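Take a look at the structure below.
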Amino acid sequence: MPSRRSRVGMRPEPITHRLTIADAPPDTSTKHRVPAPTMTEPLLEAHNLHRTGDNGTPLLTDVSLHVEPGQRWAIRGSSGAGKTVLMRALALLAPIDSGEILFRGQPIENANVPRYRSSVIYLQQRPVLLEGTVEDNLQLPFRLRTHAKRHYDRDRIRELLSHVGRDESFLGRQREHLSGGEAQIVAVLRAIQMNPQMLLLDEPTAALDRDSVSAVESLVKDWLAEDSSRATVWVTHDDTQTQRMSDHVLHLAGGHVVAEP
Ligand SMILES: Nc1ncnc2c1ncn2[C@@H]1O[C@H](COP(=O)(O)OP(=O)(O)OP(=O)(O)O)[C@@H](O)[C@H]1O
């Protein structure tokens, strides 16, 4: 069994037995069928997250989320509900005071954070791109030690660009000449070329025009369709985007999970 020790050193949880294929009772009756055990282990688990802000205000209170392979979650809630605080905690970019975050059933030790961040990539509303061309930005992750053995694949990028109606000339565009939508397309391409297991999308299309929204959504949909075990957590205020891009919804209000707003 995986260790249930918290990365943040809080409350050890009771060890819970997880059903495996070997544990499954034989199906001796079709009349009184025993419910099939869950074979899938969650990809990302947040258990009872708590965080208090600098001024003592509770930002997250007992927030839990289990994302299984293939699931597409939407995080909903009004402004200030704690959506970004939660997403940054899941991305290990912001601290939690208590609770635990597990990836594939394991806590993420400090030494494994770079690997975690290449499996679970966080994208924010305003993408951070460096000076230089689109291609410079796409090549950037391959300069990191974590990806030293991987190589930038221009053919793959060219193919992905064709899905969103851009040709190779886009690669030579300077960062400062990109629209907000184009910059977000670059950020999504930069993430999905790394073949992550999950994307954490924090309002990535909030300030974009309709064409850019559909370009970003279609890149993410195509990436999901390539591998049925990939998953997303998408913060959005948009009801129709929630319908298009999610099959599970977590509602937050005042840093709490609520049934419905
Ligand atoms: N370090 C901090 N200390 C104190 N308060 C904070 C801190 N970080 C965030 N907050 C507050 O926590 C609340 C939740 O912020 P958060 O950014 O998660 O909201 P949100 O749900 O993402 O809102 P929006 O939809 O407007 O992006 C806000 O009131 C914010 O000002």
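Just remember, in the structure tokens the first chain shown is A, the second B, etc., residues are 1-based per chain, and ligands are 1-based in the order shown.
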
Within 7 Å of ligand 1, counting only C-alpha atoms and all ligand atoms, residues as a list in words: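 Those residues are Gly53, Asp54, Asn55, Thr57, Leu59, Gly77, Ser78, Ser79, Gly80, Ala81, Gly82, Lys83, Thr84, Val85 and Leu86 of chain A.
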
Secondary structure check, strand (DSSP E or B) residues of segment 31-255 of chain A, as a VMD selection string: chain A and resid 44 to 52 58 to 67 72 to 76 98 to 103 106 to 107 120 to 123 133 174 198 to 202 231 to 235 248 to 253

Residues just named, written with C-alpha atoms as a PDB file, in the first residue's frame:
```pdb
ATOM      1  CA  LEU A  44      -4.802  13.427  -7.935  1.00  0.00           C
ATOM      2  CA  GLU A  45      -6.260  13.475  -4.433  1.00  0.00           C
ATOM      3  CA  ALA A  46      -6.645  16.481  -2.211  1.00  0.00           C
ATOM      4  CA  HIS A  47      -7.727  15.492   1.285  1.00  0.00           C
ATOM      5  CA  ASN A  48      -9.181  17.994   3.736  1.00  0.00           C
ATOM      6  CA  LEU A  49      -7.140  20.989   2.658  1.00  0.00           C
ATOM      7  CA  HIS A  50      -7.064  23.952   5.014  1.00  0.00           C
ATOM      8  CA  ARG A  51      -5.353  27.265   4.480  1.00  0.00           C
ATOM      9  CA  THR A  52      -5.522  30.514   6.409  1.00  0.00           C
ATOM     10  CA  PRO A  58      -9.728  31.190   6.197  1.00  0.00           C
ATOM     11  CA  LEU A  59      -9.019  30.700   2.475  1.00  0.00           C
ATOM     12  CA  LEU A  60      -9.653  26.962   2.235  1.00  0.00           C
ATOM     13  CA  THR A  61     -11.648  24.959   4.750  1.00  0.00           C
ATOM     14  CA  ASP A  62     -11.754  21.179   4.536  1.00  0.00           C
ATOM     15  CA  VAL A  63     -11.598  21.045   0.744  1.00  0.00           C
ATOM     16  CA  SER A  64     -11.265  17.590  -0.804  1.00  0.00           C
ATOM     17  CA  LEU A  65     -11.153  16.584  -4.451  1.00  0.00           C
ATOM     18  CA  HIS A  66     -10.443  13.223  -6.090  1.00  0.00           C
ATOM     19  CA  VAL A  67      -9.626  13.249  -9.754  1.00  0.00           C
ATOM     20  CA  ARG A  72     -12.716  16.404 -16.466  1.00  0.00           C
ATOM     21  CA  TRP A  73     -13.510  18.571 -13.460  1.00  0.00           C
ATOM     22  CA  ALA A  74     -14.811  22.123 -13.432  1.00  0.00           C
ATOM     23  CA  ILE A  75     -14.204  24.306 -10.384  1.00  0.00           C
ATOM     24  CA  ARG A  76     -17.000  26.826 -10.046  1.00  0.00           C
ATOM     25  CA  SER A  98      -3.047  21.043   6.771  1.00  0.00           C
ATOM     26  CA  GLY A  99      -4.387  18.219   4.675  1.00  0.00           C
ATOM     27  CA  GLU A 100      -2.580  16.275   2.014  1.00  0.00           C
ATOM     28  CA  ILE A 101      -2.145  16.090  -1.706  1.00  0.00           C
ATOM     29  CA  LEU A 102      -1.403  12.735  -3.296  1.00  0.00           C
ATOM     30  CA  PHE A 103      -0.467  11.936  -6.876  1.00  0.00           C
ATOM     31  CA  GLN A 106       1.644   8.897  -3.090  1.00  0.00           C
ATOM     32  CA  PRO A 107       2.544  12.101  -1.297  1.00  0.00           C
ATOM     33  CA  VAL A 120       0.467  17.979 -13.635  1.00  0.00           C
ATOM     34  CA  ILE A 121       0.843  21.301 -15.421  1.00  0.00           C
ATOM     35  CA  TYR A 122      -0.788  24.494 -14.170  1.00  0.00           C
ATOM     36  CA  LEU A 123      -1.949  27.092 -16.695  1.00  0.00           C
ATOM     37  CA  THR A 133       9.794  33.922 -30.529  1.00  0.00           C
ATOM     38  CA  GLN A 174       7.789  37.571 -31.423  1.00  0.00           C
ATOM     39  CA  MET A 198      -3.186  16.330 -16.088  1.00  0.00           C
ATOM     40  CA  LEU A 199      -3.752  19.975 -16.846  1.00  0.00           C
ATOM     41  CA  LEU A 200      -4.864  22.415 -14.151  1.00  0.00           C
ATOM     42  CA  LEU A 201      -6.470  25.245 -16.117  1.00  0.00           C
ATOM     43  CA  ASP A 202      -7.179  28.386 -14.124  1.00  0.00           C
ATOM     44  CA  ALA A 231      -7.598  14.453 -16.816  1.00  0.00           C
ATOM     45  CA  THR A 232      -8.298  18.145 -16.395  1.00  0.00           C
ATOM     46  CA  VAL A 233      -9.357  20.509 -13.648  1.00  0.00           C
ATOM     47  CA  TRP A 234     -10.699  23.691 -15.235  1.00  0.00           C
ATOM     48  CA  VAL A 235     -11.693  26.855 -13.377  1.00  0.00           C
ATOM     49  CA  HIS A 248     -17.760  16.677 -12.796  1.00  0.00           C
ATOM     50  CA  VAL A 249     -18.179  19.962 -10.953  1.00  0.00           C
ATOM     51  CA  LEU A 250     -16.814  21.154  -7.608  1.00  0.00           C
ATOM     52  CA  HIS A 251     -18.537  24.268  -6.287  1.00  0.00           C
ATOM     53  CA  LEU A 252     -16.645  26.507  -3.892  1.00  0.00           C
ATOM     54  CA  ALA A 253     -18.013  29.336  -1.757  1.00  0.00           C
TER      55      ALA A 253
END
```

Go through segment 142-176 of chain A and flag each residue having an atom no more than 8 Å from segment 180-194 of chain A; for those, report the closest pair of atoms plus their distance in Å to one decimal, using only C-alpha atoms, ordered by chain and rising number, as a Markdown table.
```
| residue | atom | partner | partner_atom | distance |
| --- | --- | --- | --- | --- |
| A:Arg156 | CA | A:Gln193 | CA | 7.7 |
| A:Ile157 | CA | A:Gln193 | CA | 7.3 |
| A:Leu160 | CA | A:Leu189 | CA | 7.6 |
| A:Arg175 | CA | A:Ala183 | CA | 7.5 |
```

Sel. of helix (DSSP H, G or I) residues, segment 66-209 of chain A, as a ChimeraX atom specification: /A:83-90,110-119,134-143,145-147,154-163,168-172,175-177,180-192

Pick from A:Val164, A:Leu93, A:Leu171, A:Ala207 nearest to Val220 of chain A, counting only C-alpha atoms: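 Answer, going by the shortest atom-to-atom distance: A:Val164.
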
Shortest interatomic distance to Ala206 of chain A - which of A:Asp222, A:Asp97, A:Asp238, A:Glu159, counting only C-alpha atoms: A:Asp238

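The nearest approach to Gly105 of chain A among the residues A:Val258, A:Val128, A:Leu43, A:Val216, with only C-alpha atoms taken into account, belongs to A:Leu43.
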
A:Arg150, A:Pro127, A:Gly132, A:Arg158 ranked by distance to Phe170 of chain A, top pick (using only C-alpha atoms): A:Arg158

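Proximity of A:Arg244, A:His151, A:Ser118, A:Gly255 to Val213 of chain A, computed with only C-alpha atoms, is greatest for A:Arg244.
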